[in-house]
Amino acid sequence: MRVHRSGTTLAGAALAALALLAPLAVSAGAAQDPAAAGVPPRGSASMGMGVLAHDGRGTAPGGAPARAAQTEGVDVSSHQGNVAWSTLWNSGVRWAYVKATEGTYYKNTSFTQQYTGSYNVGMIRGSYHFATPDTASGATQADYFVANGGGWSRDGRTLPGVLDIEWNPYGATCYGKTQAGMVSWIRDFVNRYKARTGRDPVIYTATSWWTQCTGNSAAFASANPLWVARYASAVGELPAGWQYYTMWQYTSSGPTVGDHNHFNGDLSRVQALANG
């Protein structure tokens with residue numbers, strides 16, 4: 001009988017131990033599962049997806065002066081699918097940017113409808129690349145972008161490509177890079193893009209991210225037009241070196257597609273950027 005009691009006690013202890021380990025195993029599995037951890041799947045990033053979470057929405061103090069005329073534009077990705085371009089045109093939208101690529105692993109599945117559709121209704125349009133500096137070099141990603149919709153032609157209707165560099169939706173905010181390392185990565189991208197297309201790409205970013213992840217570098221202000229993100233009634237402070245913005249993404253809740261932007265000038269200025 002003593003042996004029986006001892007066996008029962010050992011079995012019970014073993015079951016108790018397994019019961020304690022089970023939640024730990026589930027927890028470890030959840031940590032390894034990006035979806036369970038709230039991390040979106042690779043390829044799903046879009047321009048400005050981190051703005052509300054990090055900068056919020058509200059009134060921004062001060063900011064760079066704007067021209068009297070502002071020209072309305074939109075930016076889209078695969079999230080919008082087939083876009084109602086005629087509706088946007090009739091509402092006054094005159095330019096558009098379409099996500100082409102991300103990293104070296106994703107191409108927008110709606111790119112043709114969006115890029116060609118915006119052009120067909122009369123818009124001046126271009127494409128953008130969502131950067132992931134932790135997955136490949138800047139030059140490699142620039143090559144991938146150019147090869148998959150990010151090129152430029154002097155037809156008066158094609159805007160230069162955009163480097164979308166902002167919060168990392170898949171991990172560490174600055175993609176595991178030092179501030180100097182991030183500046184070097186961006187320089188690698190913009191230099192290769194210009195070598196391939198003859199154009200300086202536009203840089204899309206938010207002032208707070210730029211300050212945190214590049215140390216508020218002024219290294220690109222003399223050559224690369226600025227597209228700044230700030231969801232407020234004023235653009236607010238710009239990253240170092242830029243005296244004015246070229247484009248301002250001012251909302252993610254506009255009509256028809258959500259992401260709406262002001263071009264800092266009338267339509268002739270949009271055409272001037274397209275023409276280089």
# chains A, B, ... in the order shown; residues from 1 in each chain; ligands from 1
$ residues_around --residues "range 107-123 of chain A" --least-positions-apart "4" --cutoff "7 Å" --atoms "only C-alpha atoms" --output "JSON, numbers by chain"
{"A": [77, 78, 81, 82, 83, 85, 86, 89, 94, 95, 96, 98, 99, 100, 101, 102]}
$ closest_residue --among "A:Thr211, A:Thr140, A:Thr135, A:Asn191" --to "Tyr175 in chain A" --atoms "only C-alpha atoms"
A:Thr135
$ atom_distance --atom1 "CA of Ile165 in chain A" --atom2 "CA of Arg67 in chain A"
25.3 Å
$ select_by_dssp --residues "range 188-265 of chain A" --states "strand (DSSP E or B)" --output "ChimeraX atom specification"
/A:202-205,226-229,236,247-251,260-263
$ residues_around --residues "Cys213 in chain A" --least-positions-apart "3" --cutoff "6 Å" --atoms "only C-alpha atoms" --output "list in words"
Cys174, Gln179, Trp209 and Trp210 of chain A
$ write_last_selection --atoms "C-alpha atoms" --output "CSV table (one decimal), in the first residue's frame"
chain,number,residue,atom,x,y,z
A,174,CYS,CA,14.6,52.1,-36.5
A,179,GLN,CA,21.3,56.9,-36.6
A,209,TRP,CA,10.7,59.4,-36.8
A,210,TRP,CA,13.3,61.2,-38.7
$ closest_residue --among "A:Thr214, A:Thr132, A:Ser137, A:Thr71" --to "Pro169 in chain A" --atoms "only C-alpha atoms"
A:Thr132
